[in-house]
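*Asks:* Below is the file entry28.cif, which contains mmCIF, C-alpha atoms.
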data_start
loop_
_atom_site.label_atom_id
_atom_site.label_comp_id
_atom_site.auth_asym_id
_atom_site.auth_seq_id
_atom_site.Cartn_x
_atom_site.Cartn_y
_atom_site.Cartn_z
CA MET A 22 0.00 0.00 0.00
CA THR A 23 1.69 3.17 -1.23
CA SER A 24 -0.39 5.62 0.79
CA ARG A 25 -2.13 5.47 4.12
CA ASP A 26 -4.44 8.31 3.12
CA HIS A 27 -7.65 7.07 1.49
CA ALA A 28 -10.31 9.43 0.14
CA THR A 29 -12.36 7.35 -2.29
CA PRO A 30 -15.85 6.16 -1.41
CA ARG A 31 -15.97 2.64 0.06
CA PRO A 32 -18.44 0.37 1.86
CA ALA A 33 -18.81 0.94 5.58
CA LEU A 34 -17.23 -2.44 6.57
CA TRP A 35 -14.15 -1.80 4.44
CA THR A 36 -13.81 1.71 5.91
CA GLU A 37 -13.97 0.31 9.42
CA HIS A 38 -11.32 -2.33 8.55
CA LEU A 39 -8.95 0.37 7.23
CA ARG A 40 -9.50 2.47 10.34
CA ARG A 41 -8.61 -0.51 12.58
CA MET A 42 -5.43 -1.03 10.53
CA GLY A 43 -4.40 2.54 11.39
CA ALA A 44 -5.08 4.11 8.01
CA ARG A 45 -6.23 7.71 7.85
CA VAL A 46 -9.61 7.70 6.19
CA ARG A 47 -11.14 10.88 4.86
CA GLU A 48 -14.86 10.45 4.81
CA THR A 49 -16.49 11.51 1.56
CA PRO A 50 -19.86 13.04 2.38
CA PRO A 51 -22.70 11.35 0.59
CA PRO A 52 -24.36 13.35 -2.20
CA PRO A 53 -27.45 15.25 -1.07
CA VAL A 54 -30.71 13.38 -1.40
CA GLN A 55 -32.83 14.99 -4.06
CA GLY A 56 -36.41 15.82 -3.28
CA THR A 57 -39.49 16.77 -5.22
CA LEU A 58 -41.50 19.95 -5.28
CA THR A 59 -45.10 19.11 -4.42
CA ARG A 60 -46.91 22.38 -3.91
CA MET A 61 -46.59 26.15 -4.16
CA VAL A 62 -49.04 28.33 -2.25
CA GLY A 63 -48.46 32.06 -2.43
CA LEU A 64 -44.76 32.57 -1.75
CA THR A 65 -44.19 29.19 -0.10
CA LEU A 66 -42.86 26.06 -1.79
CA GLU A 67 -43.31 22.61 -0.25
CA ALA A 68 -40.87 19.78 -0.97
CA VAL A 69 -40.68 16.14 0.13
CA GLY A 70 -38.02 13.49 -0.07
CA CYS A 71 -35.02 15.57 1.04
CA GLN A 72 -33.52 16.78 4.28
CA ALA A 73 -32.15 20.23 5.04
CA SER A 74 -31.87 22.61 7.98
CA ILE A 75 -33.32 26.06 8.53
CA GLY A 76 -31.24 28.56 6.54
CA ASP A 77 -29.90 25.97 4.08
CA HIS A 78 -30.31 26.70 0.41
CA CYS A 79 -31.82 24.39 -2.18
CA GLN A 80 -31.53 24.43 -5.94
CA LEU A 81 -34.75 23.87 -7.86
CA THR A 82 -34.95 22.91 -11.53
CA ALA A 83 -37.42 25.02 -13.49
CA ARG A 84 -39.04 24.32 -16.83
CA GLY A 85 -36.48 24.56 -19.62
CA GLY A 86 -33.57 23.48 -17.42
CA GLY A 87 -33.11 26.75 -15.55
CA THR A 88 -32.37 26.76 -11.83
CA ILE A 89 -33.96 28.73 -9.02
CA GLU A 90 -32.47 29.28 -5.58
CA ALA A 91 -34.65 28.86 -2.50
CA GLU A 92 -34.04 28.88 1.25
CA VAL A 93 -35.47 26.57 3.89
CA VAL A 94 -37.71 28.62 6.19
CA GLY A 95 -39.65 25.85 7.95
CA PHE A 96 -40.56 22.16 8.09
CA ALA A 97 -43.43 19.95 9.26
CA ALA A 98 -44.32 16.25 8.98
CA GLY A 99 -41.59 15.36 6.49
CA ARG A 100 -42.13 18.45 4.35
CA LEU A 101 -39.75 21.34 3.83
CA PHE A 102 -41.08 24.87 3.42
CA LEU A 103 -38.95 26.87 1.01
CA MET A 104 -39.02 30.46 -0.12
CA PRO A 105 -37.43 31.52 -3.42
CA THR A 106 -34.75 34.20 -3.29
CA GLY A 107 -35.56 35.35 -6.83
CA ASP A 108 -38.18 35.03 -9.54
CA SER A 109 -40.03 31.68 -9.37
CA HIS A 110 -41.26 31.81 -12.97
CA GLY A 111 -41.03 28.41 -14.66
CA LEU A 112 -41.37 26.25 -11.55
CA GLY A 113 -43.79 23.35 -11.84
CA PRO A 114 -44.90 20.27 -9.90
CA GLU A 115 -42.37 17.45 -9.54
CA ALA A 116 -39.44 19.86 -9.98
CA ARG A 117 -36.20 18.50 -8.55
CA VAL A 118 -35.07 19.93 -5.22
CA ILE A 119 -31.35 19.57 -4.45
CA PRO A 120 -30.22 20.68 -0.97
CA ARG A 121 -27.04 22.72 -0.71
CA PRO A 122 -25.92 22.42 2.94
CA GLY A 123 -23.46 25.01 4.17
CA ALA A 124 -24.85 27.88 2.14
CA GLY A 125 -25.48 31.13 3.98
CA THR A 126 -22.07 32.81 3.85
CA ILE A 127 -21.07 35.90 1.89
CA PRO A 128 -17.72 37.21 0.61
CA VAL A 129 -16.34 40.24 2.43
CA GLY A 130 -13.25 42.39 2.17
CA ALA A 131 -11.87 45.79 1.24
CA ALA A 132 -12.90 45.12 -2.37
CA LEU A 133 -16.51 45.87 -1.35
CA LEU A 134 -15.73 49.54 -0.70
CA GLY A 135 -17.28 51.70 -3.37
CA ARG A 136 -19.52 48.87 -4.57
CA ILE A 137 -23.29 48.34 -4.76
CA ILE A 138 -24.51 44.81 -4.04
CA ASP A 139 -27.88 43.13 -3.59
CA GLY A 140 -29.32 40.93 -0.86
CA ALA A 141 -27.34 37.95 -2.19
CA ALA A 142 -24.08 39.97 -2.11
CA GLN A 143 -24.06 40.02 -5.92
CA PRO A 144 -22.92 43.22 -7.70
CA LEU A 145 -25.55 45.63 -9.03
CA ASP A 146 -23.13 48.22 -10.43
CA GLY A 147 -21.90 46.22 -13.43
CA LEU A 148 -18.29 46.27 -12.23
CA GLY A 149 -17.88 42.51 -11.89
CA THR A 150 -17.69 40.30 -8.85
CA PRO A 151 -15.60 41.84 -6.04
CA GLU A 152 -12.43 39.87 -5.31
CA CYS A 153 -12.88 39.37 -1.58
CA ASP A 154 -10.47 37.40 0.56
CA ALA A 155 -12.82 36.25 3.34
CA ARG A 156 -16.27 34.84 3.91
CA VAL A 157 -18.56 35.35 6.90
CA ARG A 158 -21.86 33.92 8.05
CA LEU A 159 -24.88 35.84 6.90
CA THR A 160 -26.51 35.64 10.30
CA GLY A 161 -23.34 36.53 12.22
CA ALA A 162 -22.22 35.33 15.63
CA PRO A 163 -23.53 37.01 18.82
CA ILE A 164 -21.03 38.85 21.02
CA ASN A 165 -21.09 38.31 24.75
CA PRO A 166 -22.53 41.60 26.08
CA LEU A 167 -19.94 41.63 28.87
CA ALA A 168 -17.15 41.43 26.28
CA ARG A 169 -18.22 44.62 24.48
CA ALA A 170 -16.37 47.87 25.04
CA PRO A 171 -18.56 50.55 26.69
CA ILE A 172 -19.77 53.57 24.73
CA SER A 173 -17.27 56.21 25.77
CA ALA A 174 -16.50 58.47 22.78
CA PRO A 175 -18.78 60.61 20.58
CA LEU A 176 -19.14 60.07 16.84
CA ASP A 177 -19.24 63.22 14.73
CA VAL A 178 -22.12 62.87 12.22
CA GLY A 179 -21.78 66.38 10.75
CA ILE A 180 -25.31 67.47 11.76
CA ARG A 181 -25.38 70.46 14.14
CA SER A 182 -28.57 69.59 16.00
CA ILE A 183 -27.59 65.93 16.49
CA ASN A 184 -24.00 66.67 17.49
CA ALA A 185 -24.99 69.30 20.04
CA LEU A 186 -28.37 68.17 21.38
CA LEU A 187 -28.53 64.43 20.68
CA THR A 188 -24.85 63.49 20.80
CA VAL A 189 -24.26 59.99 19.43
CA GLY A 190 -21.59 57.69 20.84
CA ARG A 191 -19.50 55.21 18.89
CA GLY A 192 -21.32 51.91 19.10
CA GLN A 193 -24.72 53.43 19.77
CA ARG A 194 -27.89 52.32 17.94
CA ILE A 195 -30.36 55.07 17.08
CA GLY A 196 -33.76 55.04 15.42
CA LEU A 197 -34.84 57.67 12.86
CA PHE A 198 -38.61 57.82 13.28
CA ALA A 199 -40.36 59.49 10.38
CA GLY A 200 -43.35 59.41 8.11
CA SER A 201 -43.01 59.58 4.35
CA GLY A 202 -41.60 62.68 2.69
CA VAL A 203 -40.04 64.46 5.67
CA GLY A 204 -36.40 64.16 4.61
CA LYS A 205 -35.07 61.01 6.25
CA SER A 206 -33.14 59.91 3.13
CA VAL A 207 -31.50 63.33 2.81
CA LEU A 208 -30.55 63.28 6.51
CA MET A 209 -29.01 59.82 6.09
CA GLY A 210 -27.07 61.04 3.07
CA MET A 211 -25.73 64.02 5.01
CA MET A 212 -24.53 61.72 7.78
CA ALA A 213 -22.93 59.39 5.24
CA ARG A 214 -20.99 62.27 3.68
CA TYR A 215 -20.04 64.18 6.81
CA THR A 216 -19.41 61.48 9.42
CA SER A 217 -15.97 60.90 10.92
CA ALA A 218 -16.45 57.10 10.70
CA ASP A 219 -13.91 55.08 8.72
CA VAL A 220 -16.43 53.03 6.72
CA ILE A 221 -20.10 53.61 5.85
CA VAL A 222 -22.44 50.70 5.13
CA VAL A 223 -25.84 51.66 3.72
CA GLY A 224 -28.72 49.19 3.58
CA LEU A 225 -31.60 50.31 1.33
CA ILE A 226 -34.23 47.72 2.20
CA GLY A 227 -37.68 47.68 0.61
CA GLU A 228 -37.48 51.21 -0.76
CA ARG A 229 -38.33 52.36 -4.28
CA GLY A 230 -35.81 51.28 -6.92
CA ARG A 231 -35.48 54.88 -8.10
CA GLU A 232 -34.19 55.87 -4.67
CA VAL A 233 -31.21 53.53 -4.95
CA LYS A 234 -29.70 55.33 -7.94
CA GLU A 235 -30.66 58.72 -6.50
CA PHE A 236 -29.06 57.97 -3.15
CA VAL A 237 -25.82 56.71 -4.68
CA GLU A 238 -25.35 59.40 -7.31
CA ARG A 239 -26.99 62.52 -5.89
CA ILE A 240 -27.08 62.15 -2.11
CA LEU A 241 -23.94 60.08 -1.43
CA GLY A 242 -21.81 61.32 -4.31
CA PRO A 243 -18.71 59.82 -5.96
CA LYS A 244 -16.22 61.13 -3.39
CA ASP A 245 -17.79 59.58 -0.29
CA ARG A 246 -18.83 56.45 -2.15
CA THR A 247 -15.20 55.27 -2.07
CA ARG A 248 -15.49 54.47 1.66
CA ALA A 249 -19.05 53.14 1.47
CA VAL A 250 -20.73 49.83 0.74
CA VAL A 251 -24.33 50.06 -0.48
CA VAL A 252 -26.62 47.03 -0.11
CA ALA A 253 -29.85 47.43 -2.07
CA ALA A 254 -32.92 45.18 -1.90
CA PRO A 255 -35.72 47.26 -3.47
CA ALA A 256 -39.44 46.89 -2.85
CA ASP A 257 -39.94 44.55 -5.82
CA SER A 258 -37.48 41.99 -4.40
CA PRO A 259 -38.90 38.82 -2.82
CA PRO A 260 -39.39 39.12 0.95
CA LEU A 261 -36.53 36.72 1.65
CA MET A 262 -34.16 38.84 -0.44
CA ARG A 263 -35.22 41.98 1.44
CA LEU A 264 -34.57 40.22 4.74
CA HIS A 265 -31.20 39.03 3.43
CA GLY A 266 -30.36 42.60 2.44
CA ALA A 267 -30.51 43.66 6.09
CA TRP A 268 -28.40 40.67 7.12
CA VAL A 269 -25.83 41.30 4.40
CA ALA A 270 -25.45 44.98 5.37
CA THR A 271 -25.00 44.00 9.02
CA ALA A 272 -22.53 41.20 8.19
CA VAL A 273 -20.42 43.59 6.08
CA ALA A 274 -20.43 46.13 8.91
CA GLU A 275 -19.40 43.40 11.36
CA TYR A 276 -16.46 42.43 9.16
CA PHE A 277 -15.06 45.97 9.06
CA ARG A 278 -15.67 46.37 12.81
CA ASP A 279 -13.66 43.22 13.42
CA GLN A 280 -10.81 44.83 11.44
CA GLY A 281 -10.68 47.54 14.13
CA LEU A 282 -12.52 50.21 12.11
CA ASN A 283 -15.31 52.56 13.19
CA VAL A 284 -18.33 51.82 11.00
CA LEU A 285 -21.48 53.87 10.44
CA LEU A 286 -24.38 51.58 9.49
CA LEU A 287 -27.39 53.31 7.92
CA MET A 288 -30.41 51.07 7.33
CA ASP A 289 -33.49 52.33 5.55
CA SER A 290 -35.71 50.92 6.79
CA LEU A 291 -36.23 48.66 9.80
CA THR A 292 -39.96 48.74 9.10
CA ARG A 293 -39.47 47.14 5.66
CA VAL A 294 -37.35 44.43 7.29
CA ALA A 295 -40.21 43.71 9.70
CA GLN A 296 -42.71 43.65 6.83
CA ALA A 297 -40.54 41.16 4.92
CA GLN A 298 -40.42 38.88 7.96
CA ARG A 299 -44.18 39.26 8.34
CA GLU A 300 -44.71 38.09 4.75
CA ILE A 301 -42.49 35.07 5.37
CA GLY A 302 -44.10 34.20 8.69
CA LEU A 303 -47.66 34.42 7.37
CA ALA A 304 -46.74 32.46 4.23
CA ILE A 305 -45.58 29.44 6.28
CA GLY A 306 -48.66 29.51 8.49
CA GLU A 307 -47.55 31.55 11.50
CA ALA A 308 -50.48 33.16 13.30
CA PRO A 309 -50.61 36.98 13.36
CA ALA A 310 -50.33 38.55 16.80
CA THR A 311 -50.13 42.37 16.81
CA LYS A 312 -51.75 44.29 13.94
CA GLY A 313 -51.00 41.44 11.55
CA TYR A 314 -47.39 40.95 12.66
CA PRO A 315 -46.56 37.38 13.78
CA PRO A 316 -44.36 36.80 16.85
CA SER A 317 -41.29 35.98 14.71
CA VAL A 318 -41.10 39.65 13.67
CA PHE A 319 -40.57 40.81 17.23
CA ALA A 320 -37.98 38.06 17.74
CA ARG A 321 -36.04 38.95 14.57
CA LEU A 322 -35.71 42.68 15.23
CA PRO A 323 -33.55 42.43 18.38
CA GLN A 324 -31.48 39.68 16.75
CA LEU A 325 -30.64 42.10 13.95
CA VAL A 326 -30.15 45.24 16.03
CA GLU A 327 -28.03 43.57 18.72
CA ARG A 328 -25.40 42.68 16.11
CA ALA A 329 -24.46 46.36 15.88
CA GLY A 330 -22.53 48.13 18.62
CA ASN A 331 -18.99 48.03 19.95
CA GLY A 332 -16.67 45.08 19.65
CA PRO A 333 -14.21 44.00 22.38
CA PRO A 334 -12.13 46.73 24.06
CA GLY A 335 -9.51 48.12 21.70
CA GLY A 336 -11.46 47.00 18.64
CA GLY A 337 -13.82 48.68 16.20
CA SER A 338 -17.42 49.79 16.49
CA ILE A 339 -20.70 49.87 14.56
CA THR A 340 -22.76 53.00 15.13
CA ALA A 341 -26.14 52.25 13.57
CA PHE A 342 -29.05 54.41 12.45
CA TYR A 343 -32.25 52.54 11.60
CA THR A 344 -35.13 54.41 9.99
CA VAL A 345 -38.57 53.47 11.28
CA LEU A 346 -41.63 54.44 9.24
CA THR A 347 -44.49 55.73 11.36
CA GLU A 348 -48.04 55.27 10.11
CA SER A 349 -49.89 58.60 10.01
CA ASP A 350 -46.87 60.10 11.83
CA SER A 351 -47.88 58.21 14.98
CA LEU A 352 -45.23 56.70 17.25
CA GLU A 353 -47.73 54.08 18.47
CA ASP A 354 -47.12 51.79 15.48
CA PRO A 355 -46.14 48.29 16.81
CA ILE A 356 -42.79 48.30 14.98
CA ALA A 357 -42.00 51.82 16.19
CA ASP A 358 -42.92 50.80 19.73
CA ALA A 359 -40.75 47.66 19.55
CA ALA A 360 -37.84 49.60 18.04
CA ARG A 361 -37.87 52.20 20.83
CA ALA A 362 -37.49 49.42 23.38
CA ILE A 363 -34.38 47.86 21.78
CA LEU A 364 -32.56 50.98 20.51
CA ASP A 365 -30.29 53.36 22.42
CA GLY A 366 -32.28 56.45 21.51
CA HIS A 367 -34.42 57.91 18.76
CA VAL A 368 -34.49 60.96 16.51
CA VAL A 369 -38.01 62.00 15.50
CA LEU A 370 -38.51 63.77 12.17
CA SER A 371 -41.71 65.82 12.34
CA ARG A 372 -44.03 66.60 9.45
CA ARG A 373 -45.16 69.69 11.34
CA VAL A 374 -41.57 70.96 11.42
CA ALA A 375 -40.99 70.04 7.77
CA GLU A 376 -44.08 72.01 6.73
CA THR A 377 -42.50 75.15 8.19
CA GLY A 378 -39.57 74.71 5.79
CA ARG A 379 -36.99 73.87 8.44
CA TYR A 380 -34.66 71.02 7.53
CA PRO A 381 -33.54 68.69 8.91
CA ALA A 382 -37.03 68.43 10.39
CA ILE A 383 -35.88 67.09 13.77
CA ASP A 384 -38.33 67.41 16.65
CA VAL A 385 -35.75 67.95 19.38
CA THR A 386 -38.18 67.79 22.30
CA ALA A 387 -39.46 64.35 21.16
CA SER A 388 -35.97 62.94 20.53
CA ILE A 389 -33.43 61.50 22.93
CA SER A 390 -29.95 59.98 22.97
CA ARG A 391 -29.68 57.53 25.86
CA ALA A 392 -25.88 57.50 25.76
CA MET A 393 -25.36 61.27 25.69
CA HIS A 394 -24.96 61.59 29.47
CA GLU A 395 -22.10 59.06 29.32
CA ILE A 396 -20.04 60.81 26.64
CA ALA A 397 -20.79 64.55 26.99
CA PRO A 398 -19.13 66.73 29.65
CA ALA A 399 -21.27 68.46 32.28
CA ALA A 400 -21.03 71.89 30.63
CA HIS A 401 -22.27 70.46 27.32
CA LEU A 402 -25.18 68.69 29.04
CA GLY A 403 -26.12 71.93 30.82
CA LEU A 404 -26.23 73.90 27.56
CA ALA A 405 -28.32 71.19 25.90
CA ARG A 406 -30.81 71.29 28.79
CA GLN A 407 -31.09 75.08 28.50
CA PHE A 408 -31.74 74.78 24.77
CA ARG A 409 -34.43 72.14 25.28
CA ARG A 410 -36.05 74.20 28.03
CA ALA A 411 -36.19 77.34 25.88
CA LEU A 412 -37.51 75.40 22.87
CA ALA A 413 -40.20 73.61 24.91
CA THR A 414 -41.28 76.87 26.57
CA TYR A 415 -41.76 78.60 23.22
CA GLU A 416 -43.62 75.62 21.69
CA ASP A 417 -45.97 75.43 24.67
CA SER A 418 -46.92 79.09 24.20
CA HIS A 419 -46.60 79.48 20.43
CA GLU A 420 -50.37 79.54 19.80
CA LEU A 421 -50.84 82.46 22.18
CA ILE A 422 -47.77 84.18 20.72
CA ASN A 423 -48.94 83.75 17.12
CA LEU A 424 -52.43 85.00 17.93
CA GLY A 425 -51.01 88.06 19.68
CA ALA A 426 -52.71 87.04 22.93
CA TYR A 427 -49.51 86.87 24.95
CA GLN A 428 -48.46 90.05 26.71
CA ARG A 429 -44.74 90.67 27.10
CA GLY A 430 -43.70 90.66 30.74
CA SER A 431 -46.27 88.07 31.81
CA ASP A 432 -43.68 85.29 32.11
CA ALA A 433 -39.92 85.82 32.13
CA ARG A 434 -39.23 82.37 30.72
CA VAL A 435 -41.57 82.93 27.77
CA ASP A 436 -40.03 86.35 27.17
CA ALA A 437 -36.56 84.79 27.08
CA SER A 438 -37.68 82.04 24.68
CA ILE A 439 -39.26 84.64 22.34
CA ALA A 440 -36.00 86.59 22.30
CA LEU A 441 -34.04 83.42 21.52
CA TRP A 442 -36.47 82.01 18.94
CA PRO A 443 -34.81 83.42 15.76
CA ALA A 444 -31.40 82.13 16.94
CA ILE A 445 -32.93 78.74 17.82
CA GLN A 446 -34.45 78.44 14.35
CA GLN A 447 -31.15 79.33 12.73
CA PHE A 448 -29.32 76.81 14.91
CA LEU A 449 -31.66 73.97 13.95
CA GLN A 450 -31.61 74.83 10.23
CA GLN A 451 -28.83 73.23 8.17
CA ASP A 452 -28.42 73.16 4.43
CA MET A 453 -27.91 69.82 2.70
CA GLY A 454 -24.46 70.86 1.46
CA GLU A 455 -23.28 72.21 4.82
CA ARG A 456 -21.11 70.18 7.18
CA VAL A 457 -20.95 71.20 10.85
CA ASP A 458 -18.47 69.18 12.89
CA LEU A 459 -18.78 68.41 16.58
CA ALA A 460 -16.54 71.27 17.76
CA ALA A 461 -18.39 73.84 15.63
CA SER A 462 -21.73 72.49 16.87
CA LEU A 463 -20.71 72.98 20.48
CA ARG A 464 -19.43 76.51 19.78
CA ALA A 465 -22.74 77.42 18.15
CA LEU A 466 -24.65 76.02 21.12
CA GLY A 467 -22.48 77.94 23.58
CA ALA A 468 -23.02 81.17 21.65
CA LEU A 469 -26.77 80.94 22.34
CA PHE A 470 -26.16 80.92 26.11
CA PRO A 471 -23.03 82.96 26.78
CA GLU A 472 -23.81 83.07 30.51
CA GLY A 473 -22.88 79.36 30.72
CA SER A 474 -24.68 76.18 31.65
CA ALA A 475 -25.87 77.12 35.11
CA ALA A 476 -29.64 77.30 34.80
#
Represent the structure contained in this file as structure tokens.

*Replies:*
Amino acid sequence: MTSRDHATPRPALWTEHLRRMGARVRETPPPPVQGTLTRMVGLTLEAVGCQASIGDHCQLTARGGGTIEAEVVGFAAGRLFLMPTGDSHGLGPEARVIPRPGAGTIPVGAALLGRIIDGAAQPLDGLGTPECDARVRLTGAPINPLARAPISAPLDVGIRSINALLTVGRGQRIGLFAGSGVGKSVLMGMMARYTSADVIVVGLIGERGREVKEFVERILGPKDRTRAVVVAAPADSPPLMRLHGAWVATAVAEYFRDQGLNVLLLMDSLTRVAQAQREIGLAIGEAPATKGYPPSVFARLPQLVERAGNGPPGGGSITAFYTVLTESDSLEDPIADAARAILDGHVVLSRRVAETGRYPAIDVTASISRAMHEIAPAAHLGLARQFRRALATYEDSHELINLGAYQRGSDARVDASIALWPAIQQFLQQDMGERVDLAASLRALGALFPEGSAA
């Protein structure tokens, strides 16, 4: 025997005999057992005769010899429930189903910078497949919460009102709560261009296809695109592909964080991710619980959000902004309510403010950064409290002021807020092409209250 290393298939008894003789036997895995497609109802495919695990991919043979990729999303009584990741046109009964165990990883690396990919990590920009040198799991690996570095340093996002009044820390997770048409995409683009983060990862999930090209070319721009990765899964994508888009964006951000870099993750929107999971859950028979959302939605959201944040001490960070669409501009939507509970703060974009022509349309009094008290010095916190107090005082009395029913001298606090109102409006207003760094934001805030933070 010239070699003690055997790799060819052999009967089990012969393999056992070789092992007893001391030979090194490399087991050849058996080929996957092919199954058969038996039924398709709505978005769900049912297959029998094969075995696969949740998250595994299967290859289905369509009419004409084409192949369609599908993912295992459930099982029951010997049947597998599959959901196609692309167009299911051409599928018919008795189609072959070939499991592909081990699928569910994506290529990652510096080659992704400046690229636009879809929910399957395939290029959308026509520049060929990125030559990446590593692969990571799509669903990521959870980090022990006690092993994470604490949030201790601010992240400059280039927005005056956020830097000064809602200071964001590296590794923080913030929600952008907004209805349609109040400027959330523009605000995200400003943060992508003006942030001090090393890498920007943008996930455009379930939005209009037109917005993808507009965001990349007009809002992000060619200069800042070189340090950004854009993951796009538009509204016409299958629900599984939209869900994968959020996972891919998070997995890419995790890779760069693990390289010791500070990453800004912008995901638009968390609501579309929840809606994609709702479609999947209802399609496989999950019972709806809250306003049509099945329980799996409220289990998936924290699994996704908790992957962002700081890595181990001395490592990188993921500072994440997730947009949350609010129905009729109400914050009582079930997804908005769930997001508030798992995020480290929220920035509310108000239609009322937008209608006055002030952009970004941030409602400061309704917004909060839960990490600001950990990363801002006492003087900064005092100035921010004074600003909020003056803004809230004016807004509480603005109807009387606008009607001319308020008499000057009736309340010293209202008088002071009226005197400050033009400067407050100017402070909160910021042009789309204007960058205001953290230091300049704090100087502008201090100029409003030259007497200091004692109040």

*Asks:* Please list as an mmCIF file with C-alpha atoms, in the coordinates of the input every residue within 9 Å of segment 173-186 of chain A, counting only C-alpha atoms and excluding residues in the same chain fewer than 6 positions away.

*Replies:*
data_model
loop_
_atom_site.group_PDB
_atom_site.id
_atom_site.type_symbol
_atom_site.label_atom_id
_atom_site.label_comp_id
_atom_site.auth_asym_id
_atom_site.auth_seq_id
_atom_site.Cartn_x
_atom_site.Cartn_y
_atom_site.Cartn_z
ATOM 1 C CA GLY A 192 -21.320 51.910 19.100
ATOM 2 C CA LEU A 208 -30.550 63.280 6.510
ATOM 3 C CA MET A 211 -25.730 64.020 5.010
ATOM 4 C CA MET A 212 -24.530 61.720 7.780
ATOM 5 C CA ALA A 213 -22.930 59.390 5.240
ATOM 6 C CA ARG A 214 -20.990 62.270 3.680
ATOM 7 C CA TYR A 215 -20.040 64.180 6.810
ATOM 8 C CA THR A 216 -19.410 61.480 9.420
ATOM 9 C CA SER A 217 -15.970 60.900 10.920
ATOM 10 C CA ALA A 218 -16.450 57.100 10.700
ATOM 11 C CA THR A 340 -22.760 53.000 15.130
ATOM 12 C CA VAL A 368 -34.490 60.960 16.510
ATOM 13 C CA PRO A 381 -33.540 68.690 8.910
ATOM 14 C CA ILE A 383 -35.880 67.090 13.770
ATOM 15 C CA VAL A 385 -35.750 67.950 19.380
ATOM 16 C CA ILE A 389 -33.430 61.500 22.930
ATOM 17 C CA SER A 390 -29.950 59.980 22.970
ATOM 18 C CA ALA A 392 -25.880 57.500 25.760
ATOM 19 C CA MET A 393 -25.360 61.270 25.690
ATOM 20 C CA GLU A 395 -22.100 59.060 29.320
ATOM 21 C CA ILE A 396 -20.040 60.810 26.640
ATOM 22 C CA ALA A 397 -20.790 64.550 26.990
ATOM 23 C CA HIS A 401 -22.270 70.460 27.320
ATOM 24 C CA LEU A 402 -25.180 68.690 29.040
ATOM 25 C CA LEU A 404 -26.230 73.900 27.560
ATOM 26 C CA ALA A 405 -28.320 71.190 25.900
ATOM 27 C CA ARG A 406 -30.810 71.290 28.790
ATOM 28 C CA PHE A 408 -31.740 74.780 24.770
ATOM 29 C CA ARG A 409 -34.430 72.140 25.280
ATOM 30 C CA PHE A 448 -29.320 76.810 14.910
ATOM 31 C CA LEU A 449 -31.660 73.970 13.950
ATOM 32 C CA GLN A 450 -31.610 74.830 10.230
ATOM 33 C CA GLN A 451 -28.830 73.230 8.170
ATOM 34 C CA GLU A 455 -23.280 72.210 4.820
ATOM 35 C CA ARG A 456 -21.110 70.180 7.180
ATOM 36 C CA VAL A 457 -20.950 71.200 10.850
ATOM 37 C CA ASP A 458 -18.470 69.180 12.890
ATOM 38 C CA LEU A 459 -18.780 68.410 16.580
ATOM 39 C CA ALA A 460 -16.540 71.270 17.760
ATOM 40 C CA ALA A 461 -18.390 73.840 15.630
ATOM 41 C CA SER A 462 -21.730 72.490 16.870
ATOM 42 C CA LEU A 463 -20.710 72.980 20.480
ATOM 43 C CA ALA A 465 -22.740 77.420 18.150
ATOM 44 C CA LEU A 466 -24.650 76.020 21.120
#

*Asks:* What does the distance from atom CA of Ala98 of chain A to atom CA of Arg121 of chain A come to in Å, to one decimal?

*Replies:*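 Between atom CA of Ala98 of chain A and atom CA of Arg121 of chain A the gap works out to 20.8 Å.
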
*Asks:* Output the residue selection produced by the PyMOL selection byres ((chain A and resi 77) around 10) on the file above, formatted as number ranges by chain.

*Replies:* A: 72-76, 78-79, 91-94, 103, 120-125

*Asks:* Export, as a tab-separated table (two decimals), keeping the file's coordinate frame, the selected residues with C-alpha atoms.

*Replies:*
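Result went into result39.tsv, see below:
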chain	number	residue	atom	x	y	z
A	72	GLN	CA	-33.52	16.78	4.28
A	73	ALA	CA	-32.15	20.23	5.04
A	74	SER	CA	-31.87	22.61	7.98
A	75	ILE	CA	-33.32	26.06	8.53
A	76	GLY	CA	-31.24	28.56	6.54
A	78	HIS	CA	-30.31	26.70	0.41
A	79	CYS	CA	-31.82	24.39	-2.18
A	91	ALA	CA	-34.65	28.86	-2.50
A	92	GLU	CA	-34.04	28.88	1.25
A	93	VAL	CA	-35.47	26.57	3.89
A	94	VAL	CA	-37.71	28.62	6.19
A	103	LEU	CA	-38.95	26.87	1.01
A	120	PRO	CA	-30.22	20.68	-0.97
A	121	ARG	CA	-27.04	22.72	-0.71
A	122	PRO	CA	-25.92	22.42	2.94
A	123	GLY	CA	-23.46	25.01	4.17
A	124	ALA	CA	-24.85	27.88	2.14
A	125	GLY	CA	-25.48	31.13	3.98

*Asks:* Excluding segment 358-361 of chain A and residues on its chain fewer than 5 positions from it, collect all residues at most 9 Å away from it, counting all atoms listed in the file, and give them as a PyMOL selection string.

*Replies:* chain A and resi 195-196+291+319+322-323+345+352-353+366-367

*Asks:* Do you know which residues the PyMOL selection byres ((chain A and resi 158-166) around 12) returns on this file, as a VMD selection string?

*Replies:* chain A and resid 75 to 77 123 to 129 140 to 142 155 to 157 167 to 171 264 to 276 279 321 323 to 334

*Asks:* Mind giving me the straight-line distance from atom CA of Val237 of chain A to atom CA of Pro259 of chain A in Å, one decimal?

*Replies:*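 Distance reported for this atom pair: 22.2 Å.
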
*Asks:* Step by step, work through what the PyMOL selection byres ((chain A and resi 118) around 7) selects in the shown file, and finish by giving those residues as a PyMOL selection string.

*Replies:* chain A and resi 55-58+79-82+116-117+119-120
